[in-house]
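Reproduced below: work_32.txt, with compact mmCIF, C-alpha atoms.
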# COMPACT_ATOMS: atom_id res chain seq x y z
CA MET A 1176 122.96 70.53 107.40
CA MET A 1177 121.41 73.84 108.43
CA ALA A 1178 118.19 73.59 110.42
CA ASP A 1179 115.37 75.95 109.48
CA THR A 1180 112.59 77.29 111.67
CA VAL A 1181 109.24 77.44 109.90
CA THR A 1182 106.57 79.77 111.29
CA VAL A 1183 102.97 78.63 111.39
CA GLY A 1184 100.46 81.50 111.53
CA ILE A 1185 97.04 81.52 113.15
CA ALA A 1186 94.60 79.15 111.44
CA ASP A 1187 97.47 77.67 109.47
CA LEU A 1188 99.57 74.50 109.49
CA ASN A 1189 102.83 73.09 108.20
CA ALA A 1190 105.13 70.09 108.45
CA VAL A 1191 108.91 69.64 108.36
CA LYS A 1192 111.51 66.87 108.44
CA ALA A 1193 114.36 66.69 110.97
CA PRO A 1194 116.37 68.76 111.79
CA ASP A 1195 113.93 71.62 111.07
CA THR A 1196 111.73 73.21 113.71
CA LEU A 1197 108.20 74.56 113.59
CA VAL A 1198 107.04 77.55 115.63
CA THR A 1199 103.68 79.18 116.28
CA TYR A 1200 103.51 82.37 118.32
CA ALA A 1201 101.18 83.50 121.08
CA LEU A 1202 98.51 80.83 121.25
CA GLY A 1203 95.71 82.21 123.38
CA SER A 1204 92.45 80.31 123.23
CA CYS A 1205 93.67 78.63 120.04
CA VAL A 1206 95.26 75.19 120.28
CA GLY A 1207 98.61 74.19 118.81
CA VAL A 1208 98.49 70.55 117.67
CA CYS A 1209 101.92 68.96 117.21
CA LEU A 1210 102.08 65.59 115.45
CA TYR A 1211 105.26 63.56 115.19
CA ASP A 1212 106.25 60.45 113.33
CA ARG A 1213 109.20 59.26 115.41
CA GLU A 1214 110.41 56.73 112.83
CA LYS A 1215 110.51 59.10 109.89
CA LYS A 1216 111.23 62.16 112.06
CA ILE A 1217 108.47 64.18 110.42
CA ALA A 1218 106.88 66.91 112.53
CA GLY A 1219 103.64 68.76 111.87
CA LEU A 1220 102.00 71.71 113.62
CA ALA A 1221 98.50 73.16 113.25
CA HIS A 1222 97.26 76.38 114.91
CA ILE A 1223 93.56 75.60 115.46
CA MET A 1224 91.03 78.36 116.20
CA LEU A 1225 87.65 76.67 116.49
CA PRO A 1226 86.37 73.26 117.59
CA HIS A 1227 84.51 72.07 114.50
CA SER A 1228 83.88 73.01 110.86
CA SER A 1229 80.16 72.56 111.49
CA GLU A 1230 80.36 75.91 113.35
CA ALA A 1231 81.13 77.79 110.16
CA ILE A 1232 78.30 80.14 109.19
CA GLN A 1233 79.46 80.78 105.66
CA ASN A 1234 81.10 78.25 103.38
CA ILE A 1235 84.37 77.06 104.85
CA ASP A 1236 86.97 79.25 103.18
CA ASN A 1237 89.73 78.14 105.50
CA LYS A 1238 89.62 74.52 106.63
CA ARG A 1239 92.73 75.04 108.73
CA ARG A 1240 90.76 77.06 111.27
CA TYR A 1241 88.81 74.11 112.57
CA ALA A 1242 90.03 71.19 114.66
CA ASP A 1243 88.43 68.47 112.52
CA THR A 1244 89.37 69.74 109.04
CA GLY A 1245 92.69 71.22 110.21
CA ILE A 1246 93.95 67.99 111.77
CA GLU A 1247 92.78 66.04 108.73
CA GLU A 1248 94.76 68.35 106.44
CA LEU A 1249 97.84 68.16 108.68
CA ILE A 1250 97.74 64.37 108.64
CA ASP A 1251 97.34 64.39 104.83
CA LEU A 1252 100.32 66.73 104.49
CA MET A 1253 102.50 64.58 106.74
CA THR A 1254 101.54 61.32 105.06
CA SER A 1255 102.33 62.89 101.68
CA MET A 1256 105.83 63.49 103.09
CA GLY A 1257 106.13 59.83 104.05
CA ALA A 1258 104.73 59.75 107.61
CA SER A 1259 102.19 57.18 108.73
CA VAL A 1260 99.26 57.81 111.08
CA GLN A 1261 100.09 54.62 113.03
CA ALA A 1262 103.51 56.00 113.94
CA MET A 1263 102.21 59.41 115.05
CA THR A 1264 101.97 60.77 118.57
CA ALA A 1265 100.54 64.15 119.49
CA LYS A 1266 101.49 66.98 121.83
CA ILE A 1267 99.09 69.86 122.36
CA ALA A 1268 99.31 73.34 123.88
CA GLY A 1269 97.10 76.42 124.28
CA GLY A 1270 93.35 76.59 124.84
CA ALA A 1271 93.70 79.24 127.53
CA LYS A 1272 90.88 81.33 128.91
CA MET A 1273 92.34 84.78 128.30
CA PHE A 1274 89.57 86.77 129.95
CA SER A 1275 87.71 85.56 133.01
CA THR A 1276 83.95 85.57 132.66
CA GLY A 1277 81.12 83.08 132.72
CA SER A 1278 80.17 83.64 129.08
CA SER A 1279 80.42 80.56 126.86
CA VAL A 1280 82.34 82.24 124.07
CA PHE A 1281 85.23 82.75 126.46
CA ASN A 1282 85.31 79.05 127.20
CA ILE A 1283 86.23 78.47 123.59
CA GLY A 1284 89.74 77.43 124.69
CA GLU A 1285 88.39 74.55 126.71
CA ARG A 1286 86.07 73.52 123.87
CA ASN A 1287 88.96 73.64 121.41
CA VAL A 1288 91.06 71.34 123.61
CA ALA A 1289 88.18 68.88 124.10
CA SER A 1290 87.49 68.77 120.37
CA VAL A 1291 91.17 68.30 119.45
CA LYS A 1292 91.40 65.36 121.89
CA GLU A 1293 88.29 63.73 120.50
CA ILE A 1294 89.49 64.08 116.90
CA LEU A 1295 92.97 62.72 117.69
CA ALA A 1296 91.36 59.78 119.50
CA GLY A 1297 89.31 59.12 116.35
CA TYR A 1298 92.57 58.67 114.40
CA GLY A 1299 94.00 56.53 117.21
CA ILE A 1300 96.75 59.10 117.82
CA ARG A 1301 97.98 59.09 121.42
CA ILE A 1302 98.52 62.39 123.23
CA ALA A 1303 102.02 62.18 124.72
CA ALA A 1304 102.09 65.62 126.35
CA GLU A 1305 99.75 68.50 127.05
CA GLU A 1306 100.18 72.08 128.24
CA THR A 1307 96.68 73.55 128.02
CA GLY A 1308 94.11 75.67 129.81
CA LEU A 1309 94.75 78.29 132.51
CA ASN A 1310 94.82 81.95 131.57
CA PHE A 1311 97.98 82.83 129.69
CA GLY A 1312 99.34 82.89 126.15
CA ARG A 1313 101.90 80.38 124.91
CA THR A 1314 104.44 80.22 122.10
CA VAL A 1315 105.23 76.71 120.86
CA PHE A 1316 108.41 75.46 119.19
CA PHE A 1317 108.18 71.92 117.88
CA HIS A 1318 111.54 70.34 117.19
CA GLY A 1319 111.66 68.01 114.21
CA ASP A 1320 114.82 66.17 115.30
CA THR A 1321 113.53 65.16 118.76
CA GLY A 1322 109.76 65.62 118.69
CA ILE A 1323 110.10 67.85 121.74
CA MET A 1324 107.46 70.54 122.19
CA GLU A 1325 108.97 73.65 123.76
CA VAL A 1326 106.36 75.90 125.38
CA ARG A 1327 107.25 79.49 126.25
CA ALA A 1328 105.05 81.94 128.15
CA ALA A 1329 105.69 85.48 129.37
CA MET A 1330 107.28 85.57 132.84
CA LYS A 1331 107.19 81.78 133.11
CA GLU A 1332 109.77 79.05 132.81
CA THR A 1333 110.04 77.38 129.42
CA LYS A 1334 108.73 73.82 129.40
CA MET A 1335 110.29 71.06 127.31
CA LEU A 1336 107.65 68.42 126.76
CA MET B 910 72.35 94.03 99.95
CA SER B 911 73.21 93.59 103.58
CA ILE B 912 76.81 93.33 104.67
CA GLN B 913 78.00 89.78 105.33
CA ASN B 914 81.48 90.58 106.57
CA VAL B 915 83.71 93.57 107.31
CA GLU B 916 85.47 93.27 103.96
CA GLN B 917 82.30 94.50 102.25
CA LEU B 918 82.27 97.85 104.02
CA ASN B 919 82.53 100.73 101.53
CA ASP B 920 84.10 104.19 101.96
CA MET B 921 80.85 105.67 103.20
CA HIS B 922 80.54 103.01 105.90
CA ILE B 923 84.13 103.64 106.95
CA ASP B 924 83.48 107.41 107.04
CA VAL B 925 80.50 106.85 109.33
CA LEU B 926 82.58 104.67 111.66
CA LYS B 927 85.35 107.28 111.59
CA GLU B 928 82.91 110.03 112.51
CA ILE B 929 81.55 107.92 115.34
CA GLY B 930 85.15 107.33 116.40
CA ASN B 931 85.79 111.05 116.25
CA ILE B 932 82.87 111.90 118.52
CA GLY B 933 83.66 108.94 120.80
CA SER B 934 87.32 109.84 121.14
CA GLY B 935 86.40 113.46 121.85
CA ASN B 936 84.20 112.29 124.72
CA ALA B 937 86.95 109.94 125.86
CA ALA B 938 89.55 112.70 125.90
CA SER B 939 87.48 114.89 128.23
CA ALA B 940 86.71 111.96 130.52
CA LEU B 941 90.39 110.98 130.53
CA ALA B 942 91.58 114.53 131.29
CA GLU B 943 89.21 114.63 134.24
CA LEU B 944 90.20 111.19 135.55
CA LEU B 945 93.95 111.64 135.16
CA ASN B 946 93.95 115.31 136.02
CA CYS B 947 96.33 115.88 133.12
CA PRO B 948 95.76 118.04 130.02
CA THR B 949 94.57 115.62 127.33
CA LYS B 950 93.91 116.25 123.65
CA ILE B 951 92.90 113.87 120.93
CA ASN B 952 93.65 113.72 117.22
CA VAL B 953 91.15 112.48 114.66
CA PRO B 954 91.19 108.68 114.90
CA ALA B 955 91.93 106.51 111.91
CA VAL B 956 89.59 103.62 111.19
CA ARG B 957 91.03 100.68 109.25
CA ILE B 958 89.95 97.26 108.24
CA LEU B 959 92.82 94.93 108.98
CA ASP B 960 93.54 91.24 108.74
CA PHE B 961 93.94 89.67 112.13
CA GLY B 962 97.61 89.05 111.37
CA ASP B 963 98.20 92.65 110.29
CA ALA B 964 96.50 93.92 113.45
CA VAL B 965 98.89 91.80 115.53
CA THR B 966 101.90 93.12 113.57
CA TYR B 967 100.62 96.67 113.94
CA LEU B 968 100.40 96.21 117.72
CA GLY B 969 104.06 95.20 117.92
CA GLY B 970 104.07 91.53 116.91
CA PRO B 971 102.55 88.40 118.46
CA GLU B 972 104.82 88.21 121.49
CA LYS B 973 104.74 91.90 122.44
CA ILE B 974 103.30 92.30 125.94
CA ALA B 975 100.27 94.56 126.14
CA ILE B 976 97.16 95.01 128.25
CA GLY B 977 93.77 94.20 126.78
CA VAL B 978 90.49 95.42 128.22
CA LEU B 979 87.50 93.62 126.77
CA VAL B 980 83.80 94.47 127.04
CA ASN B 981 80.79 92.66 125.69
CA LEU B 982 78.10 94.62 123.92
CA SER B 983 74.45 93.70 124.11
CA GLY B 984 71.12 95.34 123.33
CA ASP B 985 70.65 96.82 119.84
CA ILE B 986 74.30 96.20 118.96
CA LYS B 987 75.82 92.87 119.90
CA GLY B 988 79.51 92.18 119.81
CA MET B 989 82.79 92.86 121.58
CA MET B 990 85.14 95.73 121.98
CA LEU B 991 88.79 95.35 122.88
CA TYR B 992 90.97 98.22 123.96
CA VAL B 993 94.72 97.58 123.75
CA PHE B 994 97.08 99.51 126.00
CA GLN B 995 100.77 99.57 125.22
CA GLU B 996 103.19 100.07 128.07
CA ALA B 997 103.76 103.78 127.22
CA PHE B 998 100.08 104.64 127.61
CA ALA B 999 99.61 102.53 130.73
CA SER B 1000 102.70 104.06 132.36
CA LYS B 1001 101.62 107.56 131.36
CA MET B 1002 98.32 107.03 133.14
CA THR B 1003 99.82 105.63 136.33
CA GLY B 1004 102.40 108.43 136.17
CA CYS B 1005 99.70 111.09 136.01
CA LEU B 1006 97.57 109.56 138.74
CA PHE B 1007 99.97 107.76 141.09
CA GLY B 1008 103.27 109.41 140.17
CA SER B 1009 104.88 106.06 139.30
CA LYS B 1010 105.53 104.12 136.11
CA ILE B 1011 104.44 100.52 135.63
CA GLU B 1012 107.34 98.30 136.63
CA ASN B 1013 106.13 95.05 135.17
CA MET B 1014 103.30 94.74 132.65
CA MET B 1015 102.79 91.08 133.61
CA ASP B 1016 102.54 91.82 137.32
CA LEU B 1017 100.21 94.80 137.71
CA ASN B 1018 99.18 95.80 141.19
CA GLU B 1019 95.56 96.22 142.23
CA MET B 1020 95.56 100.00 141.75
CA GLU B 1021 97.02 99.67 138.24
CA VAL B 1022 94.50 97.00 137.23
CA SER B 1023 91.68 99.11 138.56
CA LEU B 1024 92.83 102.28 136.77
CA ILE B 1025 93.50 100.60 133.43
CA SER B 1026 90.18 98.71 133.51
CA GLU B 1027 88.41 101.97 134.22
CA VAL B 1028 90.15 103.81 131.39
CA GLY B 1029 89.43 100.91 129.01
CA ASN B 1030 85.82 101.09 130.10
CA ILE B 1031 85.71 104.86 129.49
CA MET B 1032 87.23 104.44 126.02
CA CYS B 1033 84.78 101.74 124.98
CA ALA B 1034 81.80 103.48 126.61
CA SER B 1035 82.63 106.79 124.89
CA TYR B 1036 82.58 105.13 121.51
CA ILE B 1037 79.42 103.21 122.34
CA ASN B 1038 77.68 106.33 123.64
CA ALA B 1039 78.51 108.08 120.38
CA ILE B 1040 76.84 105.23 118.46
CA SER B 1041 73.87 105.22 120.84
CA SER B 1042 73.20 108.92 120.56
CA LEU B 1043 73.79 109.17 116.80
CA ALA B 1044 71.72 106.16 115.88
CA GLY B 1045 69.20 106.28 118.73
CA MET B 1046 70.11 102.80 119.87
CA ARG B 1047 70.26 101.18 123.26
CA ILE B 1048 73.58 99.40 123.81
CA ASP B 1049 74.63 97.79 127.07
CA VAL B 1050 78.29 97.46 127.92
CA SER B 1051 79.44 94.67 130.24
CA VAL B 1052 81.86 94.99 133.14
CA PRO B 1053 85.37 95.36 131.65
CA MET B 1054 87.69 92.32 131.76
CA LEU B 1055 91.42 92.88 131.79
CA THR B 1056 94.34 90.70 130.82
CA ALA B 1057 98.05 91.42 130.35
CA ASP B 1058 99.78 89.02 127.98
CA MET B 1059 101.18 88.52 124.50
CA VAL B 1060 99.32 90.59 121.89
CA GLY B 1061 98.68 87.52 119.73
CA ALA B 1062 97.10 85.66 122.63
CA ILE B 1063 94.92 88.62 123.61
CA LEU B 1064 93.74 89.09 120.04
CA SER B 1065 92.96 85.40 119.68
CA VAL B 1066 89.75 86.07 121.62
CA PRO B 1067 88.20 88.54 119.13
CA ALA B 1068 89.86 86.66 116.24
CA ILE B 1069 88.03 83.48 117.23
CA GLU B 1070 84.82 85.41 117.68
CA PHE B 1071 85.36 86.85 114.21
CA ALA B 1072 86.47 83.62 112.54
CA ARG B 1073 82.87 82.65 111.96
CA THR B 1074 82.30 85.60 109.61
CA GLY B 1075 85.72 86.60 108.31
CA ASN B 1076 89.29 87.28 109.28
CA LYS B 1077 89.26 91.08 109.26
CA VAL B 1078 88.80 93.40 112.20
CA LEU B 1079 87.66 96.99 112.55
CA PHE B 1080 90.70 98.68 113.92
CA ILE B 1081 90.52 102.16 115.44
CA ASP B 1082 93.74 104.08 115.87
CA ASP B 1083 93.58 106.68 118.63
CA SER B 1084 96.25 109.25 119.20
CA PHE B 1085 96.18 111.35 122.36
CA ILE B 1086 98.38 114.14 123.58
CA ILE B 1087 98.63 113.67 127.33
CA ASP B 1088 100.76 116.14 129.20
CA ASP B 1089 102.58 117.12 125.96
CA SER B 1090 103.55 113.58 124.96
CA GLU B 1091 101.89 111.74 122.12
CA ILE B 1092 100.30 108.44 123.07
CA LYS B 1093 98.94 105.93 120.59
CA SER B 1094 96.36 103.37 121.47
CA ASN B 1095 94.07 101.03 119.62
CA MET B 1096 90.57 99.80 119.86
CA ILE B 1097 89.16 96.80 118.05
CA LEU B 1098 85.45 96.63 117.42
CA ILE B 1099 83.83 93.31 116.65
CA PRO B 1100 80.12 93.80 116.06
CA GLU B 1101 77.88 90.99 114.94
CA MET B 1102 77.19 91.55 111.25
CA ALA B 1103 73.43 91.81 111.85
CA SER B 1104 74.13 94.61 114.35
CA LEU B 1105 76.36 96.45 111.91
CA ASN B 1106 73.58 96.32 109.30
CA THR B 1107 71.10 97.63 111.88
CA LEU B 1108 73.49 100.47 112.70
CA PHE B 1109 74.02 101.50 109.08
CA GLY B 1110 70.26 101.23 108.50
CA ALA B 1111 69.57 103.53 111.45
CA LEU B 1112 72.13 106.04 110.17
CA GLY B 1113 70.69 105.97 106.64
CA VAL B 1114 73.75 104.43 104.95
CA GLY B 1115 72.46 100.87 104.77
CA GLU B 1116 71.09 98.97 101.75
Let me see the structure of the file written as C-alpha cells.
Amino acid sequence: MMADTVTVGIADLNAVKAPDTLVTYALGSCVGVCLYDREKKIAGLAHIMLPHSSEAIQNIDNKRRYADTGIEELIDLMTSMGASVQAMTAKIAGGAKMFSTGSSVFNIGERNVASVKEILAGYGIRIAAEETGLNFGRTVFFHGDTGIMEVRAAMKETKML
Amino acid sequence: MSIQNVEQLNDMHIDVLKEIGNIGSGNAASALAELLNCPTKINVPAVRILDFGDAVTYLGGPEKIAIGVLVNLSGDIKGMMLYVFQEAFASKMTGCLFGSKIENMMDLNEMEVSLISEVGNIMCASYINAISSLAGMRIDVSVPMLTADMVGAILSVPAIEFARTGNKVLFIDDSFIIDDSEIKSNMILIPEMASLNTLFGALGVGE
C-alpha cells in the first residue's frame, strides 16, 4: 500500500489513517497540534494561528484559525473516521517568538501554546511530546503509522518525538 | 462606507498605495545608493493584495530561508511593516559595503545583521515618510527587529496580526538595479483598518 503525505496549510487541519503522513510547513508563532488514536492508527494535524475564537473581531469565517474551534473540528473529523477521544494523545510544536521585543503581540506564540494545552486538558487529552517556544520556525511531519512527530528546523537536527 | 478589510480596497485605493510606494521607493533608492556607495536605481513598484499563502509562495515557498526586518508603526497610522530580504539582495549589499557575500543566511555576523537591519529600516522609513508627507500624518517607526528563518515562519507574525481582520496582505514588490544587477525585494504592509481609513480620508479617496 502506497503511503501518501497530506499537506496542512496555515489555519487548516486534516486527518489520515496509517500509513499516511501529515505535514505542515514553517510553523512560526502558530502551533501545530498533532492528535493520534494509537488503537485505530488515525492521525490528525491542525495548524493553529490564534489562541481563542473569542478574539475574532468579525464573524468567525474560519474556525480552523483558533485553538478552541480548530481542535474541536479536528476531534470531530477524527471521530467521524472512527477515532475516539479517550484513545487520543497529543504532540505539539511551534509557538515560537520570531522577533524579539517586549510587545504583547509578539508573545502570541506563547499564548497559543498555553491555550492549546488548556483546551487539550479540557478534553482529557494527554500531551505526550512538545517542541515549542524559542525563536525559530519548524516544519512538522506527523506519521500516521507510528504517531511519531518529526520536527525539522533550518540548521538544526531533526527531532523524532 | 469604511473599509473593513484589505479585500475591499478598490483600484483607486491601490493606485494611491502604489504612488506612495513609488515616492517611498525613490527615497529609498537614494538612501541606499548613499549607504552602499553603489549606483542604485529603482523601478516603479507593484502593489498587490495577496492571500497569505500566495505571499509565501511568491517569496519562494514556506521553507525558503530569508531575512525579515519588522517595524511597528504607531501614531496616526498603527500597524506593522515587514521587509523581506532574499539572499541575492542581502549578499549584494554586503558585497557592495564589505566586499564579501553572505556565507550562511542562518548565521549572520554582527556586521551583516547591523547592515541589513539598517537597510530594512531605511526601506520602511522611506515608505512611511512618503505617507507622512503626502497625508500630513505623524507616524512613528519602532526600532527594527531582524530574524533569519523560513519564509512561512517569518510571515506567520504579520499573518497572525492580520488574522483578526482577514487573510490578505498588502504586498509591495520592489525592483532595484544595484551595480547593474536587478534585485527584487518585497515589503508587506499591515496597517490597522482604522488607520487605513484615516489615511484614505486624509488623501481624499475615502468614503
Show me a table, sorted first by chain and then by increasing residue number, of the residues of region 1276-1334 of chain A having an atom at most 9 Å from region 1249-1261 of chain A, each with its shortest atom pair and the distance in Å to one decimal, counting only C-alpha atoms and written as a Markdown table.
| residue | atom | partner | partner_atom | distance |
| --- | --- | --- | --- | --- |
| A:Tyr1298 | CA | A:Val1260 | CA | 7.5 |
| A:Gly1299 | CA | A:Gln1261 | CA | 7.6 |
| A:Ile1300 | CA | A:Val1260 | CA | 7.3 |
Pull out every residue of chain A that has at least one atom within 9 Å of chain B, counting only C-alpha atoms, and report them as a VMD selection string.
-> chain A and resid 1184 to 1185 1200 to 1205 1224 to 1225 1230 to 1233 1240 1271 to 1276 1280 to 1281 1283 1310 to 1314 1328 to 1330
Taking (79.8, 99.6, 116.1) in the file's own coordinates, collect the residues within 10 Å, counting only C-alpha atoms, and hand them back as a PyMOL selection string.
-> chain B and resi 925-926+929-930+982+986-990+1036-1037+1039-1041+1048+1079+1097-1102+1104-1109
What lies within 6 Å of Thr1182 (chain A) using only C-alpha atoms, ignoring chain neighbours under 5 positions off, as a list in words?
-> Leu1197, Val1198 and Thr1199 of chain A
Quick one: of B:Ile912, B:Leu1006, B:Cys1033, B:Ile976, who's nearest to Met1020 (chain B), counting only C-alpha atoms?
->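 The shortest atom-to-atom distance to Met1020 (chain B) comes from B:Leu1006.
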For Val1326 (chain A), which of A:Glu1293, A:Arg1286, A:Arg1301, A:Gly1269 is the closest residue, counting only C-alpha atoms?
-> A:Gly1269
Excluding same-chain residues fewer than 2 positions from Ala1186 (chain A), what lies within 8 Å of it counting only C-alpha atoms, as a list of chain:residue names?
->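 What passes the distance filter is A:Gly1184, A:Leu1188, A:Ala1221, A:His1222, A:Ile1223, A:Met1224, A:Asn1237, A:Arg1239, A:Arg1240, A:Tyr1241.
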Distance of CA of Gly1284 (chain A) from CA of Asn1018 (chain B), expressed in Å to one decimal place = 26.4 Å
For region 1083-1092 of chain B, work out the shell of residues within 8 Å, counting all atoms listed in the file and skipping chain neighbours fewer than 4 positions away, then give it as a list of chain:residue names.
->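 Those residues are B:Ser934, B:Ala938, B:Cys947, B:Pro948, B:Thr949, B:Lys950, B:Ile951, B:Asn952, B:Val953, B:Pro954, B:Ala955, B:Ala997, B:Phe998, B:Lys1001, B:Met1096.
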Could you check which of A:Thr1307, A:Asn1282, A:Thr1244, A:Ser1290 is closest to Lys1266 (chain A), using only C-alpha atoms?
-> A:Thr1307
Can region 1224-1246 of chain A be brought up to N, CA, C and O atoms and written out as a PDB file, in the coordinates of the input?
ATOM      1  N   MET A1224      91.810  77.293 115.557  1.00  0.00           N
ATOM      2  CA  MET A1224      91.030  78.360 116.200  1.00  0.00           C
ATOM      3  C   MET A1224      89.706  77.918 116.796  1.00  0.00           C
ATOM      4  O   MET A1224      89.267  78.433 117.812  1.00  0.00           O
ATOM      5  N   LEU A1225      89.020  77.023 116.106  1.00  0.00           N
ATOM      6  CA  LEU A1225      87.650  76.670 116.490  1.00  0.00           C
ATOM      7  C   LEU A1225      87.458  75.159 116.523  1.00  0.00           C
ATOM      8  O   LEU A1225      88.126  74.426 115.794  1.00  0.00           O
ATOM      9  N   PRO A1226      86.528  74.692 117.369  1.00  0.00           N
ATOM     10  CA  PRO A1226      86.370  73.260 117.590  1.00  0.00           C
ATOM     11  C   PRO A1226      85.963  72.441 116.363  1.00  0.00           C
ATOM     12  O   PRO A1226      86.470  71.346 116.171  1.00  0.00           O
ATOM     13  N   HIS A1227      85.054  72.936 115.551  1.00  0.00           N
ATOM     14  CA  HIS A1227      84.510  72.070 114.500  1.00  0.00           C
ATOM     15  C   HIS A1227      84.037  72.864 113.292  1.00  0.00           C
ATOM     16  O   HIS A1227      83.457  73.939 113.447  1.00  0.00           O
ATOM     17  N   SER A1228      84.263  72.309 112.102  1.00  0.00           N
ATOM     18  CA  SER A1228      83.880  73.010 110.860  1.00  0.00           C
ATOM     19  C   SER A1228      82.368  73.186 110.745  1.00  0.00           C
ATOM     20  O   SER A1228      81.898  74.020 109.984  1.00  0.00           O
ATOM     21  N   SER A1229      81.613  72.406 111.518  1.00  0.00           N
ATOM     22  CA  SER A1229      80.160  72.560 111.490  1.00  0.00           C
ATOM     23  C   SER A1229      79.742  73.913 112.084  1.00  0.00           C
ATOM     24  O   SER A1229      78.616  74.351 111.922  1.00  0.00           O
ATOM     25  N   GLU A1230      80.674  74.608 112.772  1.00  0.00           N
ATOM     26  CA  GLU A1230      80.360  75.910 113.350  1.00  0.00           C
ATOM     27  C   GLU A1230      80.451  77.046 112.342  1.00  0.00           C
ATOM     28  O   GLU A1230      80.098  78.185 112.635  1.00  0.00           O
ATOM     29  N   ALA A1231      80.973  76.741 111.169  1.00  0.00           N
ATOM     30  CA  ALA A1231      81.130  77.790 110.160  1.00  0.00           C
ATOM     31  C   ALA A1231      79.760  78.265 109.697  1.00  0.00           C
ATOM     32  O   ALA A1231      78.873  77.457 109.427  1.00  0.00           O
ATOM     33  N   ILE A1232      79.582  79.581 109.638  1.00  0.00           N
ATOM     34  CA  ILE A1232      78.300  80.140 109.190  1.00  0.00           C
ATOM     35  C   ILE A1232      78.290  80.181 107.676  1.00  0.00           C
ATOM     36  O   ILE A1232      77.378  79.709 107.021  1.00  0.00           O
ATOM     37  N   GLN A1233      79.356  80.723 107.114  1.00  0.00           N
ATOM     38  CA  GLN A1233      79.460  80.780 105.660  1.00  0.00           C
ATOM     39  C   GLN A1233      80.156  79.513 105.182  1.00  0.00           C
ATOM     40  O   GLN A1233      80.529  78.663 105.978  1.00  0.00           O
ATOM     41  N   ASN A1234      80.361  79.405 103.866  1.00  0.00           N
ATOM     42  CA  ASN A1234      81.100  78.250 103.380  1.00  0.00           C
ATOM     43  C   ASN A1234      82.520  78.284 103.952  1.00  0.00           C
ATOM     44  O   ASN A1234      83.072  79.351 104.201  1.00  0.00           O
ATOM     45  N   ILE A1235      83.088  77.133 104.167  1.00  0.00           N
ATOM     46  CA  ILE A1235      84.370  77.060 104.850  1.00  0.00           C
ATOM     47  C   ILE A1235      85.483  77.501 103.906  1.00  0.00           C
ATOM     48  O   ILE A1235      85.909  76.758 103.039  1.00  0.00           O
ATOM     49  N   ASP A1236      85.920  78.755 104.069  1.00  0.00           N
ATOM     50  CA  ASP A1236      86.970  79.250 103.180  1.00  0.00           C
ATOM     51  C   ASP A1236      88.343  78.845 103.685  1.00  0.00           C
ATOM     52  O   ASP A1236      89.291  78.799 102.935  1.00  0.00           O
ATOM     53  N   ASN A1237      88.446  78.565 104.973  1.00  0.00           N
ATOM     54  CA  ASN A1237      89.730  78.140 105.500  1.00  0.00           C
ATOM     55  C   ASN A1237      89.551  76.941 106.429  1.00  0.00           C
ATOM     56  O   ASN A1237      89.207  77.087 107.591  1.00  0.00           O
ATOM     57  N   LYS A1238      89.814  75.761 105.874  1.00  0.00           N
ATOM     58  CA  LYS A1238      89.620  74.520 106.630  1.00  0.00           C
ATOM     59  C   LYS A1238      90.601  74.396 107.780  1.00  0.00           C
ATOM     60  O   LYS A1238      90.393  73.621 108.705  1.00  0.00           O
ATOM     61  N   ARG A1239      91.688  75.147 107.706  1.00  0.00           N
ATOM     62  CA  ARG A1239      92.730  75.040 108.730  1.00  0.00           C
ATOM     63  C   ARG A1239      92.319  75.663 110.052  1.00  0.00           C
ATOM     64  O   ARG A1239      92.986  75.475 111.052  1.00  0.00           O
ATOM     65  N   ARG A1240      91.247  76.429 110.040  1.00  0.00           N
ATOM     66  CA  ARG A1240      90.760  77.060 111.270  1.00  0.00           C
ATOM     67  C   ARG A1240      90.183  76.056 112.264  1.00  0.00           C
ATOM     68  O   ARG A1240      90.182  76.292 113.450  1.00  0.00           O
ATOM     69  N   TYR A1241      89.610  74.999 111.732  1.00  0.00           N
ATOM     70  CA  TYR A1241      88.810  74.110 112.570  1.00  0.00           C
ATOM     71  C   TYR A1241      89.579  72.850 112.944  1.00  0.00           C
ATOM     72  O   TYR A1241      90.362  72.328 112.145  1.00  0.00           O
ATOM     73  N   ALA A1242      89.301  72.355 114.159  1.00  0.00           N
ATOM     74  CA  ALA A1242      90.030  71.190 114.660  1.00  0.00           C
ATOM     75  C   ALA A1242      89.872  69.985 113.736  1.00  0.00           C
ATOM     76  O   ALA A1242      90.857  69.329 113.388  1.00  0.00           O
ATOM     77  N   ASP A1243      88.656  69.689 113.319  1.00  0.00           N
ATOM     78  CA  ASP A1243      88.430  68.470 112.520  1.00  0.00           C
ATOM     79  C   ASP A1243      89.121  68.554 111.147  1.00  0.00           C
ATOM     80  O   ASP A1243      89.920  67.696 110.787  1.00  0.00           O
ATOM     81  N   THR A1244      88.824  69.630 110.400  1.00  0.00           N
ATOM     82  CA  THR A1244      89.370  69.740 109.040  1.00  0.00           C
ATOM     83  C   THR A1244      90.864  70.097 109.064  1.00  0.00           C
ATOM     84  O   THR A1244      91.611  69.685 108.181  1.00  0.00           O
ATOM     85  N   GLY A1245      91.285  70.842 110.093  1.00  0.00           N
ATOM     86  CA  GLY A1245      92.690  71.220 110.210  1.00  0.00           C
ATOM     87  C   GLY A1245      93.581  70.020 110.482  1.00  0.00           C
ATOM     88  O   GLY A1245      94.619  69.831 109.837  1.00  0.00           O
ATOM     89  N   ILE A1246      93.158  69.182 111.439  1.00  0.00           N
ATOM     90  CA  ILE A1246      93.950  67.990 111.770  1.00  0.00           C
ATOM     91  C   ILE A1246      93.979  67.026 110.583  1.00  0.00           C
ATOM     92  O   ILE A1246      95.015  66.452 110.259  1.00  0.00           O
TER      93      ILE A1246
END
